[in-house]
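Coordinates as given in data38.cif (mmCIF, C-alpha atoms):
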```cif
data_model
loop_
_atom_site.label_atom_id
_atom_site.label_comp_id
_atom_site.auth_asym_id
_atom_site.auth_seq_id
_atom_site.Cartn_x
_atom_site.Cartn_y
_atom_site.Cartn_z
CA MET A 4 -0.14 -78.30 26.94
CA THR A 5 -0.70 -74.74 25.83
CA GLU A 6 0.27 -72.16 28.31
CA ARG A 7 -0.26 -68.53 29.15
CA GLU A 8 1.34 -66.73 32.04
CA THR A 9 0.42 -63.33 33.42
CA ASP A 10 0.89 -61.46 36.68
CA GLY A 11 -1.85 -59.63 38.56
CA ASP A 12 -1.63 -56.73 36.12
CA GLN A 13 -1.65 -59.03 33.10
CA ILE A 14 2.09 -58.65 32.41
CA LEU A 15 3.71 -61.68 30.84
CA HIS A 16 6.55 -63.44 32.61
CA GLY A 17 8.65 -66.02 30.83
CA SER A 18 11.60 -66.70 33.09
CA LEU A 19 10.71 -70.31 33.87
CA HIS A 20 10.08 -71.41 30.32
CA SER A 21 13.69 -72.34 29.62
CA LEU A 22 13.52 -74.99 32.35
CA ARG A 23 10.78 -76.96 30.70
CA GLY A 24 12.43 -78.36 27.59
CA GLU A 25 12.10 -81.99 28.66
CA TYR A 26 8.36 -81.86 28.90
CA GLU A 27 7.09 -82.42 25.38
CA GLU A 28 3.57 -81.23 26.07
CA ILE A 29 4.60 -77.81 27.32
CA LYS A 30 4.72 -75.51 24.33
CA GLU A 31 5.17 -71.81 23.97
CA ILE A 32 1.69 -71.25 22.60
CA TYR A 33 -0.40 -68.80 24.54
CA ARG A 34 -3.97 -69.60 25.03
CA THR A 35 -6.16 -67.24 23.04
CA ARG A 36 -9.53 -68.73 23.78
CA ARG A 37 -11.38 -67.06 26.66
CA ILE A 38 -14.45 -68.95 27.82
CA GLU A 39 -17.43 -66.81 28.68
CA MET A 40 -18.89 -67.40 32.13
CA PRO A 41 -22.59 -67.34 32.97
CA GLU A 42 -24.02 -64.20 34.54
CA ALA A 43 -23.28 -63.47 38.18
CA GLN A 44 -26.12 -63.96 40.66
CA VAL A 45 -24.87 -61.17 42.88
CA LYS A 46 -25.44 -57.46 43.35
CA MET A 47 -22.95 -55.05 44.91
CA ASN A 48 -24.04 -51.65 46.13
CA VAL A 49 -21.33 -49.14 47.02
CA ARG A 50 -21.78 -46.34 49.55
CA LYS A 51 -19.55 -44.04 51.57
CA ALA A 52 -19.32 -44.32 55.36
CA SER A 53 -16.84 -41.42 55.51
CA ASP A 54 -14.23 -39.74 53.29
CA LYS A 55 -11.83 -42.55 54.00
CA THR A 56 -14.18 -45.52 54.29
CA SER A 57 -16.46 -47.18 51.73
CA ILE A 58 -18.97 -49.96 52.24
CA ILE A 59 -19.81 -52.61 49.65
CA ASP A 60 -23.15 -54.32 50.29
CA ALA A 61 -22.94 -57.79 48.76
CA GLU A 62 -26.24 -59.49 48.01
CA GLY A 63 -26.62 -62.94 46.47
CA GLU A 64 -24.03 -65.52 45.49
CA LEU A 65 -20.28 -65.18 45.80
CA THR A 66 -18.84 -67.57 43.21
CA ALA A 67 -16.29 -67.34 40.38
CA PHE A 68 -18.96 -65.61 38.30
CA ALA A 69 -18.98 -62.66 40.73
CA GLU A 70 -15.43 -61.60 39.86
CA ASP A 71 -16.27 -58.72 37.53
CA VAL A 72 -19.04 -57.42 39.77
CA LEU A 73 -16.82 -57.52 42.87
CA MET A 74 -13.82 -55.88 41.20
CA ASP A 75 -16.05 -53.21 39.65
CA ALA A 76 -17.55 -52.52 43.09
CA TYR A 77 -14.05 -52.28 44.55
CA ASN A 78 -12.98 -49.80 41.86
CA ARG A 79 -16.01 -47.63 42.61
CA ALA A 80 -15.49 -47.99 46.37
CA SER A 81 -11.84 -46.99 46.31
CA ASP A 82 -12.35 -43.67 44.54
CA GLY A 83 -10.61 -40.68 46.12
CA HIS A 84 -8.72 -41.11 49.38
CA VAL A 85 -10.42 -44.23 50.67
CA ARG A 86 -8.22 -46.11 53.15
CA ALA A 87 -10.66 -48.82 54.24
CA ILE A 88 -13.16 -51.02 52.43
CA ILE A 89 -15.91 -52.69 54.43
CA LEU A 90 -17.73 -55.68 52.94
CA ASN A 91 -21.29 -56.07 54.21
CA PHE A 92 -22.25 -59.74 53.97
CA GLU A 93 -25.73 -59.50 55.52
CA GLY A 94 -27.22 -60.35 52.10
CA LEU A 95 -24.84 -63.21 51.32
CA GLU A 96 -26.88 -66.24 50.28
CA TYR A 97 -24.31 -68.63 48.86
CA MET A 98 -20.54 -68.90 48.69
CA ASN A 99 -18.29 -71.62 47.28
CA SER A 100 -14.53 -72.04 47.34
CA SER A 101 -14.12 -69.90 44.23
CA GLY A 102 -15.80 -67.08 46.14
CA ILE A 103 -13.16 -67.47 48.84
CA GLY A 104 -10.51 -67.24 46.12
CA LEU A 105 -12.05 -63.96 44.94
CA LEU A 106 -11.81 -62.53 48.43
CA VAL A 107 -8.12 -63.50 48.60
CA THR A 108 -7.49 -61.74 45.29
CA LEU A 109 -9.39 -58.68 46.48
CA LEU A 110 -7.44 -58.65 49.75
CA ILE A 111 -4.09 -58.77 47.93
CA ARG A 112 -5.20 -55.86 45.74
CA ILE A 113 -6.35 -53.87 48.75
CA ASN A 114 -3.08 -54.53 50.60
CA ARG A 115 -1.15 -53.41 47.52
CA GLU A 116 -3.05 -50.11 47.64
CA LYS A 117 -2.19 -49.78 51.36
CA GLN A 118 -5.88 -50.02 52.23
CA ARG A 119 -7.61 -52.26 54.78
CA LEU A 120 -10.40 -54.80 54.32
CA LEU A 121 -13.03 -55.31 57.01
CA THR A 122 -16.31 -57.23 57.05
CA TYR A 123 -19.56 -57.39 59.00
CA GLY A 124 -22.86 -59.20 58.68
CA LEU A 125 -21.38 -62.68 58.39
CA SER A 126 -23.69 -65.42 59.69
CA ASP A 127 -22.24 -68.11 61.97
CA HIS A 128 -21.96 -70.39 58.93
CA TYR A 129 -19.89 -67.91 56.89
CA ARG A 130 -17.80 -66.96 59.92
CA SER A 131 -16.95 -70.63 60.21
CA ILE A 132 -15.91 -70.69 56.52
CA PHE A 133 -13.65 -67.68 57.11
CA GLN A 134 -12.07 -69.68 59.94
CA ILE A 135 -11.71 -72.89 57.89
CA THR A 136 -9.97 -71.04 55.08
CA ARG A 137 -8.10 -68.84 57.56
CA LEU A 138 -9.28 -65.66 55.90
CA ASP A 139 -10.04 -64.43 59.41
CA ASP A 140 -6.25 -64.18 59.98
CA ALA A 141 -6.16 -61.27 57.55
CA ILE A 142 -9.69 -59.85 57.28
CA ALA A 143 -11.18 -58.24 60.37
CA ILE A 144 -14.69 -59.55 61.13
CA HIS A 145 -17.12 -57.27 62.98
CA ASP A 146 -20.62 -57.80 64.32
CA SER A 147 -22.22 -54.61 63.03
CA GLU A 148 -21.74 -51.75 60.59
CA GLU A 149 -21.16 -49.28 63.44
CA GLU A 150 -18.41 -51.44 64.88
CA ALA A 151 -16.74 -51.96 61.49
CA VAL A 152 -16.86 -48.24 60.63
CA ARG A 153 -15.47 -47.34 64.05
CA ALA A 154 -12.62 -49.83 63.59
CA ALA A 155 -11.92 -48.53 60.06
CA ASN A 156 -11.84 -44.91 61.19
CA SER A 157 -9.77 -45.56 64.31
CA ALA A 158 -6.73 -46.89 62.44
CA MET B 25 -42.00 -93.54 66.49
CA THR B 26 -44.44 -90.65 66.88
CA GLU B 27 -45.78 -88.64 63.95
CA PRO B 28 -44.27 -85.14 63.61
CA THR B 29 -46.61 -82.43 64.89
CA PRO B 30 -47.37 -79.28 62.83
CA GLN B 31 -45.06 -77.40 65.23
CA ASP B 32 -42.25 -79.87 64.51
CA GLU B 33 -42.76 -79.43 60.79
CA ARG B 34 -42.78 -75.63 61.14
CA ARG B 35 -39.56 -75.78 63.18
CA GLU B 36 -37.95 -77.98 60.53
CA GLU B 37 -39.06 -75.59 57.76
CA GLU B 38 -37.65 -72.60 59.65
CA LYS B 39 -34.39 -74.46 60.22
CA LEU B 40 -34.13 -75.20 56.50
CA LYS B 41 -34.84 -71.55 55.71
CA ARG B 42 -32.05 -70.44 58.07
CA GLU B 43 -29.57 -72.99 56.73
CA PRO B 44 -27.62 -71.54 53.79
CA ARG B 45 -27.83 -73.55 50.55
CA ASP B 46 -24.09 -74.20 50.63
CA ALA B 47 -24.05 -75.55 54.21
CA ALA B 48 -23.88 -79.21 53.22
CA PHE B 49 -20.99 -78.59 50.83
CA TRP B 50 -18.53 -77.15 53.35
CA ALA B 51 -16.42 -79.15 55.79
CA GLN B 52 -16.69 -78.56 59.51
CA ARG B 53 -14.03 -76.36 61.03
CA VAL B 54 -11.22 -78.20 62.81
CA GLU B 55 -8.41 -76.66 64.80
CA ARG B 56 -5.98 -79.36 63.67
CA LEU B 57 -6.27 -82.36 61.36
CA GLU B 58 -7.45 -85.51 63.10
CA VAL B 59 -6.94 -88.86 61.41
CA SER B 60 -8.93 -91.86 62.56
CA ASP B 61 -8.26 -94.36 59.77
CA VAL B 62 -5.19 -94.51 57.59
CA PRO B 63 -5.91 -96.13 54.20
CA GLU B 64 -3.76 -99.11 53.23
CA GLY B 65 -0.53 -98.02 51.56
CA ALA B 66 -0.64 -94.50 53.02
CA ALA B 67 1.69 -93.09 55.69
CA ASN B 68 0.26 -90.87 58.39
CA VAL B 69 3.27 -88.61 58.36
CA ASN B 70 3.01 -84.82 58.38
CA VAL B 71 -0.80 -84.96 58.58
CA GLN B 72 -2.06 -85.78 62.09
CA GLY B 73 -2.20 -82.65 64.27
CA ARG B 74 -1.25 -80.23 61.51
CA ARG B 75 -3.15 -76.99 60.99
CA GLU B 76 -4.52 -76.21 57.57
CA VAL B 77 -2.91 -73.33 55.73
CA GLY B 78 -4.46 -71.19 53.02
CA ALA B 79 -3.30 -68.83 50.33
CA LEU B 80 -2.57 -66.14 52.90
CA GLN B 81 -0.33 -68.19 55.21
CA GLY B 82 2.53 -69.47 53.04
CA PHE B 83 5.91 -67.96 52.22
CA GLY B 84 6.36 -67.62 48.45
CA LYS B 85 4.73 -65.67 45.66
CA LEU B 86 1.00 -66.30 45.32
CA TRP B 87 0.05 -67.97 42.05
CA GLN B 88 -3.30 -68.77 40.51
CA LYS B 89 -2.90 -71.55 37.97
CA THR B 90 -5.82 -72.68 35.85
CA TYR B 91 -5.55 -75.93 33.91
CA GLN B 92 -8.34 -76.83 31.50
CA VAL B 93 -9.26 -79.56 29.07
CA ARG B 94 -12.28 -79.42 26.77
CA LEU B 95 -14.13 -82.73 26.54
CA THR B 96 -15.08 -82.35 22.90
CA GLY B 97 -17.01 -84.88 20.88
CA ILE B 98 -18.86 -86.50 23.77
CA GLU B 99 -22.20 -86.01 25.47
CA THR B 100 -21.60 -85.46 29.17
CA THR B 101 -22.48 -83.02 31.90
CA PRO B 102 -20.32 -81.18 34.46
CA GLU B 103 -22.06 -83.20 37.20
CA GLU B 104 -21.13 -86.50 35.55
CA VAL B 105 -17.50 -85.41 35.06
CA VAL B 106 -17.15 -84.38 38.71
CA ARG B 107 -18.90 -87.56 39.90
CA VAL B 108 -16.37 -89.66 37.94
CA TRP B 109 -13.50 -87.45 39.13
CA LYS B 110 -14.43 -87.92 42.79
CA LYS B 111 -14.85 -91.66 42.38
CA HIS B 112 -11.61 -92.28 40.50
CA PHE B 113 -9.52 -89.45 41.93
CA PRO B 114 -6.46 -91.57 42.92
CA GLU B 115 -6.44 -93.41 39.59
CA PHE B 116 -5.96 -90.20 37.62
CA GLN B 117 -2.81 -89.26 39.53
CA PRO B 118 0.65 -90.02 38.08
CA PRO B 119 2.75 -92.75 39.76
CA ASN B 120 4.99 -90.19 41.51
CA SER B 121 2.07 -88.48 43.26
CA ARG B 122 -0.22 -91.05 44.90
CA PHE B 123 -3.40 -89.97 46.70
CA TYR B 124 -5.06 -92.21 49.30
CA PRO B 125 -8.64 -91.21 50.14
CA SER B 126 -10.47 -92.51 53.18
CA MET B 127 -13.37 -94.94 52.82
CA ALA B 128 -15.72 -91.98 52.54
CA GLY B 129 -13.84 -90.82 49.44
CA VAL B 130 -13.88 -87.24 48.27
CA ALA B 131 -16.38 -85.64 50.65
CA PRO B 132 -16.37 -82.52 52.83
CA GLY B 133 -14.03 -82.93 55.80
CA GLU B 134 -12.24 -86.04 54.51
CA VAL B 135 -8.44 -86.22 54.56
CA LEU B 136 -6.59 -87.52 51.51
CA PHE B 137 -3.09 -88.83 52.18
CA ILE B 138 -0.35 -88.14 49.64
CA SER B 139 2.80 -90.13 48.94
CA ALA B 140 4.83 -88.25 46.38
CA SER B 141 8.33 -88.50 45.06
CA VAL B 142 10.30 -85.38 44.22
CA GLY B 143 13.69 -85.95 42.66
CA GLY B 144 13.68 -89.49 44.03
CA MET B 145 13.00 -88.34 47.59
CA PRO B 146 9.70 -89.31 49.22
CA VAL B 147 7.31 -86.63 50.45
CA TYR B 148 4.48 -87.76 52.73
CA THR B 149 1.74 -85.25 53.33
CA GLY B 150 -2.01 -84.83 52.76
CA VAL B 151 -4.87 -82.47 52.01
CA ARG B 152 -8.37 -82.03 53.42
CA VAL B 153 -11.51 -81.67 51.32
CA ILE B 154 -12.98 -78.37 52.51
CA TYR B 155 -15.72 -78.04 49.89
CA ALA B 156 -17.53 -80.46 47.60
CA ASP B 157 -20.70 -80.03 45.56
CA ASP B 158 -21.97 -81.69 42.36
CA GLU B 159 -19.80 -79.59 40.05
CA SER B 160 -16.63 -79.04 42.06
CA PHE B 161 -14.52 -79.97 45.05
CA THR B 162 -11.71 -78.14 46.81
CA VAL B 163 -8.80 -79.41 48.88
CA MET B 164 -6.75 -77.36 51.33
CA THR B 165 -3.18 -78.06 52.35
CA PRO B 166 -1.79 -78.59 55.86
CA GLU B 167 1.39 -77.15 57.40
CA GLY B 168 4.49 -78.70 55.85
CA HIS B 169 2.87 -79.39 52.47
CA PRO B 170 4.91 -77.93 49.59
CA GLU B 171 2.08 -75.48 48.93
CA SER B 172 -0.08 -73.32 51.12
CA GLY B 173 -3.51 -72.85 49.61
CA TRP B 174 -6.30 -74.56 47.70
CA ASN B 175 -6.87 -76.67 44.62
CA THR B 176 -10.35 -76.64 43.11
CA PHE B 177 -11.37 -79.41 40.71
CA SER B 178 -14.45 -78.51 38.71
CA ALA B 179 -16.33 -78.83 35.45
CA TYR B 180 -18.65 -76.51 33.56
CA GLN B 181 -20.23 -76.12 30.17
CA ASP B 182 -18.81 -73.45 27.84
CA ASP B 183 -20.74 -71.36 25.33
CA ASP B 184 -20.40 -74.06 22.68
CA GLY B 185 -22.04 -76.59 24.99
CA VAL B 186 -18.75 -78.43 25.54
CA THR B 187 -18.00 -79.63 29.05
CA VAL B 188 -14.68 -78.27 30.33
CA ALA B 189 -12.78 -79.95 33.17
CA GLN B 190 -10.69 -77.56 35.20
CA ILE B 191 -8.14 -77.54 38.01
CA GLN B 192 -7.48 -74.19 39.61
CA SER B 193 -4.87 -73.74 42.30
CA LEU B 194 -4.49 -70.64 44.41
CA SER B 195 -1.39 -71.15 46.47
CA ARG B 196 2.13 -70.15 47.36
CA ALA B 197 5.17 -72.18 48.39
CA ASN B 198 4.92 -72.95 52.08
CA ASP B 199 8.51 -72.08 53.00
CA PRO B 200 11.78 -70.78 51.48
CA ILE B 201 13.05 -74.28 50.62
CA TYR B 202 9.91 -75.05 48.64
CA GLU B 203 9.99 -71.60 47.00
CA LEU B 204 13.51 -72.28 45.77
CA GLY B 205 12.49 -75.80 44.73
CA PHE B 206 9.52 -74.48 42.75
CA LEU B 207 11.80 -71.98 41.00
CA ILE B 208 14.30 -74.64 39.99
CA VAL B 209 12.13 -77.63 39.14
CA GLY B 210 9.07 -77.99 41.36
CA SER B 211 6.78 -75.73 39.40
CA THR B 212 7.32 -77.75 36.23
CA GLU B 213 6.85 -80.97 38.19
CA GLN B 214 3.59 -79.69 39.66
CA GLU B 215 2.30 -78.59 36.25
CA ARG B 216 3.17 -82.01 34.88
CA ILE B 217 1.13 -83.68 37.64
CA TRP B 218 -2.03 -81.65 37.04
CA THR B 219 -1.67 -81.99 33.26
CA HIS B 220 -1.42 -85.75 33.73
CA VAL B 221 -4.58 -85.70 35.89
CA LEU B 222 -6.61 -83.80 33.29
CA LYS B 223 -5.26 -85.97 30.47
CA SER B 224 -6.23 -89.12 32.42
CA LEU B 225 -9.69 -87.75 33.20
CA ALA B 226 -10.24 -86.87 29.53
CA ALA B 227 -8.96 -90.31 28.48
CA HIS B 228 -11.51 -91.91 30.83
CA PHE B 229 -14.17 -90.24 28.68
CA GLY B 230 -12.36 -91.26 25.49
CA VAL B 231 -11.13 -87.74 24.77
CA ASN B 232 -7.63 -86.72 23.71
CA GLU B 233 -7.45 -82.93 23.79
CA PRO B 234 -4.61 -80.58 24.79
CA VAL B 235 -4.48 -79.19 28.32
CA THR B 236 -4.21 -75.42 28.60
CA LEU B 237 -2.58 -73.59 31.48
CA GLU B 238 -3.03 -69.98 32.50
CA LYS B 239 -0.78 -68.64 35.26
CA VAL B 240 -1.41 -65.43 37.14
CA CYS B 241 0.97 -64.12 39.78
CA VAL B 242 -1.60 -62.72 42.21
CA ASP B 243 0.96 -61.52 44.75
CA PRO B 244 4.63 -61.19 43.73
CA LYS B 245 5.76 -60.56 47.31
CA VAL B 246 7.21 -63.26 49.52
CA GLN B 247 6.04 -63.30 53.12
CA TRP B 248 9.13 -63.27 55.33
CA SER B 249 6.86 -63.41 58.38
CA GLN B 250 6.22 -67.05 57.41
CA VAL B 251 9.88 -68.07 57.12
CA MET B 252 9.64 -70.33 60.19
CA ASN B 253 7.26 -72.63 58.27
CA ILE B 254 10.50 -74.33 57.33
CA TRP B 255 10.34 -76.35 60.58
CA GLN B 256 7.25 -78.14 59.33
CA ASN B 257 8.73 -78.95 55.89
CA ALA B 258 7.19 -82.30 54.93
CA GLY B 259 10.01 -83.09 52.50
CA ALA B 260 12.69 -82.84 55.21
CA ARG B 261 10.54 -84.71 57.73
CA SER B 262 9.71 -87.44 55.21
CA MET B 263 13.43 -87.88 54.56
CA LEU B 264 14.08 -88.32 58.30
CA TYR B 265 11.11 -90.70 58.52
CA THR B 266 12.50 -92.78 55.65
CA MET B 267 16.02 -92.82 57.13
CA ALA B 268 14.60 -94.05 60.43
CA THR B 269 12.81 -96.99 58.78
CA PRO B 270 15.46 -99.59 59.83
CA ILE B 271 15.26 -98.39 63.45
CA ARG B 272 11.46 -98.71 63.44
CA TRP B 273 11.80 -102.17 61.87
CA ILE B 274 14.31 -103.34 64.54
CA ARG B 275 12.13 -101.91 67.34
CA GLY B 276 9.11 -103.67 65.88
CA SER B 277 10.98 -107.00 65.69
CA ILE B 278 12.14 -106.73 69.32
CA GLY B 279 8.63 -105.82 70.38
CA ARG B 280 7.20 -108.88 68.64
CA ARG B 281 9.79 -111.18 70.27
CA ASN B 282 9.22 -109.75 73.77
CA PRO B 283 5.50 -109.03 73.93
#
```

Whole structure, structure tokens version:
Amino acid sequence: MTERETDGDQILHGSLHSLRGEYEEIKEIYRTRRIEMPEAQVKMNVRKASDKTSIIDAEGELTAFAEDVLMDAYNRASDGHVRAIILNFEGLEYMNSSGIGLLVTLLIRINREKQRLLTYGLSDHYRSIFQITRLDDAIAIHDSEEEAVRAANSA
Amino acid sequence: MTEPTPQDERREEEKLKREPRDAAFWAQRVERLEVSDVPEGAANVNVQGRREVGALQGFGKLWQKTYQVRLTGIETTPEEVVRVWKKHFPEFQPPNSRFYPSMAGVAPGEVLFISASVGGMPVYTGVRVIYADDESFTVMTPEGHPESGWNTFSAYQDDDGVTVAQIQSLSRANDPIYELGFLIVGSTEQERIWTHVLKSLAAHFGVNEPVTLEKVCVDPKVQWSQVMNIWQNAGARSMLYTMATPIRWIRGSIGRRNP
């Protein structure tokens, strides 16, 4: 097995490697081949609700291929003194489990920046998925943009 | 049976329009795991009545681990690989990590029982399939499982037209005991299991290629708020269950003699 280990900021860790001598297939060869993914079928528009709150309008499919688009939207949305990011899912057409993974990664990043993540516009189906995956424990779900902005500004 | 009226057809069309394309791929939400049938050989221990836990609920550092094997030299599609994977899922597991699917197999909402052995000690637990389409399926862990999070098994075609089989886990240790265990030996053990699975899957297609692993620490913080997960620890409970086997056997014998 070839192996590469990075943290969220792409810093290499190697502390566990010494424990793996007995496993012949684990070798200290870092993987150099990056496999290109197909284009994302998603669009993200970023707009300001206030000085401290940005809204990302997600439209299309939230899958593994949306990673770059989502992270780019987050970078644009968190310019300045933004303390809350609101994801508008009214235009969400498709989401798989990799899309859920992306939201977890985004949430961890947002928490690290001491910001908050809120959502609105989720259909009953996607609300149910947030409940299945227990994302709703950590991401506030609101019925409308007004409600989400009010909640973001009130904290 | 009566013929559908134009209104019925219109209603059906509107319903289909409202239904998201991914609706059939996701499991229904359940408050707690409910088990109706236990497959032969499996133990319904640490599964029934447990809540599912995701990548946000566990205790330890959050890791994303991506294992891949390229199925070079053969003509196959991601759909075919995932179809075979679903059908033969238990056969690709190593002997110390047995999976027992229900009759319905790997399908949204189905529970897969697990009988594993860690350092000679049995661990009975399970996972639930929360998502399954033609090119991937995802399982989510319940309380007490060593990990809190998801594993996604998928296949896709790379730029060279080669089908790549992939396992991606996004999870953290469920409690402090598991976190310590993963640090000492568990992480290596886990990586060995998923490497074995990909090697077996590739071998099924007649391929012998190396498995690559990319590890990303998504969240280096441990979640002390989840420290009480320790009470659900499936390893400890499986040990108690195993130790109580003679008592259950004696009770069963008495029950059979005095019906």

Go ahead and compute the interatomic distance for atom CA of A:Leu65 and atom CA of A:Asn99, in Å to one decimal.
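Computing the Euclidean distance for atom CA of A:Leu65 and atom CA of A:Asn99 yields 6.9 Å.
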
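For the pair atom CA of B:Ser126 and atom CA of B:Pro63, the separation is 5.9 Å.
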
Would you give me, as CSV, each residue of stretch 79-129 of chain B having an atom within 8 Å of an atom of stretch 229-232 of chain B, along with its shortest atom pair and that distance in Å to one decimal, using only C-alpha atoms and sorting by chain and residue number?
```
residue,atom,partner,partner_atom,distance
B:Leu95,CA,B:Val231,CA,6.1
B:Thr96,CA,B:Val231,CA,6.9
B:Gly97,CA,B:Val231,CA,7.6
B:Ile98,CA,B:Phe229,CA,7.8
```

If the PyMOL selection byres ((chain A and resi 88) around 9) is run on the structure shown, which residues does it catch, given as a ChimeraX atom specification?
/A:55-59,77,80-81,85-87,89-90,113,118-122,155

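Selecting chain B residues within 7 Å of chain A and counting all atoms listed in the file yields Pro44, Arg45, Asp46, Arg53, Gly78, Tyr155, Thr162, Asp182, Asp183, Thr212, Pro234, Val235, Thr236, Leu237, Glu238, Lys239, Val240, Cys241, Val242 and Asp243 of chain B.
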
Give as a list in words the residues that the PyMOL selection byres ((chain B and resi 253) around 9) matches when applied to the coordinates above.
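Written out, the selection comes to Gly82, Phe83, Glu167, Gly168, Asn198, Asp199, Pro200, Gln250, Val251, Met252, Ile254, Trp255, Gln256 and Asn257 of chain B.
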
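Between atom CA of B:Leu80 and atom CA of A:Glu70 the separation is 18.9 Å.
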
May I have the residues within 10 Å of B:Pro118 as number ranges by chain, using all atoms listed in the file and disregarding those fewer than 4 positions away in the same chain?
B: 114, 122-123, 140, 216-221, 224

C-alpha atoms of the current selection, written as a short mmCIF file (atom, residue, chain, number, x, y, z; two decimals), in the frame of the given file:
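Writing done, so here's part_21.cif:
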```
data_model
loop_
_atom_site.label_atom_id
_atom_site.label_comp_id
_atom_site.auth_asym_id
_atom_site.auth_seq_id
_atom_site.Cartn_x
_atom_site.Cartn_y
_atom_site.Cartn_z
CA PRO B 114 -6.46 -91.57 42.92
CA ARG B 122 -0.22 -91.05 44.90
CA PHE B 123 -3.40 -89.97 46.70
CA ALA B 140 4.83 -88.25 46.38
CA ARG B 216 3.17 -82.01 34.88
CA ILE B 217 1.13 -83.68 37.64
CA TRP B 218 -2.03 -81.65 37.04
CA THR B 219 -1.67 -81.99 33.26
CA HIS B 220 -1.42 -85.75 33.73
CA VAL B 221 -4.58 -85.70 35.89
CA SER B 224 -6.23 -89.12 32.42
#
```

Determine the axis-aligned bounding box of all atoms of stretch 97-104 of chain A present in the file, pad each side by 6 Å, and express its centre and edge lengths in Å to one decimal place as lines of an AutoDock Vina configuration file.
```
center_x = -17.4
center_y = -69.6
center_z = 46.5
size_x = 25.8
size_y = 17.0
size_z = 16.6
```

What lies within 7 Å of B:Ala179 using only C-alpha atoms, ignoring chain neighbours under 4 positions off, as a list of chain:residue names?
B:Pro102, B:Val105, B:Val106, B:Glu159, B:Ser160, B:Thr187, B:Val188, B:Ala189, B:Gln190

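Restricting the calculation to all atoms listed in the file, the smallest distance between B:Val62 and any of B:Met267, B:Leu222, B:Ala128, B:Ile154 is found for B:Ala128.
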
Would you please work out which residue, of B:Trp109, B:Trp174, B:Phe116, B:Tyr265, is nearest to B:Gln192 when using all atoms listed in the file?
B:Trp174

Answer key for the PyMOL selection byres ((chain A and resi 145) around 9), residues as a ChimeraX atom specification:
/A:121-125,143-144,146-151,154

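Taking only C-alpha atoms into account, the protein, DNA and RNA residues within 12 Å of (-18.4, -60.8, 37.9) read Glu39, Met40, Pro41, Glu42, Ala43, Gln44, Val45, Lys46, Met47, Glu64, Leu65, Thr66, Ala67, Phe68, Ala69, Glu70, Asp71, Val72, Leu73, Met74, Asp75, Ala76, Tyr77, Ser101, Gly102 and Leu105 of chain A.
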
Complete the atoms of stretch 130-142 of chain A to N, CA and C atoms and put them out as a CSV table (one decimal), keeping the file's coordinate frame.
```csv
chain,number,residue,atom,x,y,z
A,130,ARG,N,-18.9,-67.2,59.0
A,130,ARG,CA,-17.8,-67.0,59.9
A,130,ARG,C,-16.9,-68.2,60.0
A,131,SER,N,-17.6,-69.3,60.1
A,131,SER,CA,-17.0,-70.6,60.2
A,131,SER,C,-16.1,-70.9,58.9
A,132,ILE,N,-16.7,-70.5,57.8
A,132,ILE,CA,-15.9,-70.7,56.5
A,132,ILE,C,-14.7,-69.8,56.5
A,133,PHE,N,-14.8,-68.6,57.0
A,133,PHE,CA,-13.6,-67.7,57.1
A,133,PHE,C,-12.6,-68.3,58.0
A,134,GLN,N,-13.0,-69.0,59.0
A,134,GLN,CA,-12.1,-69.7,59.9
A,134,GLN,C,-11.4,-70.9,59.3
A,135,ILE,N,-12.2,-71.7,58.6
A,135,ILE,CA,-11.7,-72.9,57.9
A,135,ILE,C,-10.6,-72.5,56.9
A,136,THR,N,-10.9,-71.5,56.1
A,136,THR,CA,-10.0,-71.0,55.1
A,136,THR,C,-8.9,-70.1,55.6
A,137,ARG,N,-9.0,-69.7,56.9
A,137,ARG,CA,-8.1,-68.8,57.6
A,137,ARG,C,-8.1,-67.4,57.0
A,138,LEU,N,-9.2,-67.0,56.3
A,138,LEU,CA,-9.3,-65.7,55.9
A,138,LEU,C,-9.4,-64.7,57.1
A,139,ASP,N,-9.9,-65.3,58.2
A,139,ASP,CA,-10.0,-64.4,59.4
A,139,ASP,C,-8.7,-64.0,60.0
A,140,ASP,N,-7.6,-64.6,59.6
A,140,ASP,CA,-6.2,-64.2,60.0
A,140,ASP,C,-6.0,-62.8,59.4
A,141,ALA,N,-6.5,-62.5,58.3
A,141,ALA,CA,-6.2,-61.3,57.6
A,141,ALA,C,-7.3,-60.3,57.3
A,142,ILE,N,-8.5,-60.7,57.5
A,142,ILE,CA,-9.7,-59.8,57.3
A,142,ILE,C,-10.4,-59.7,58.6
```
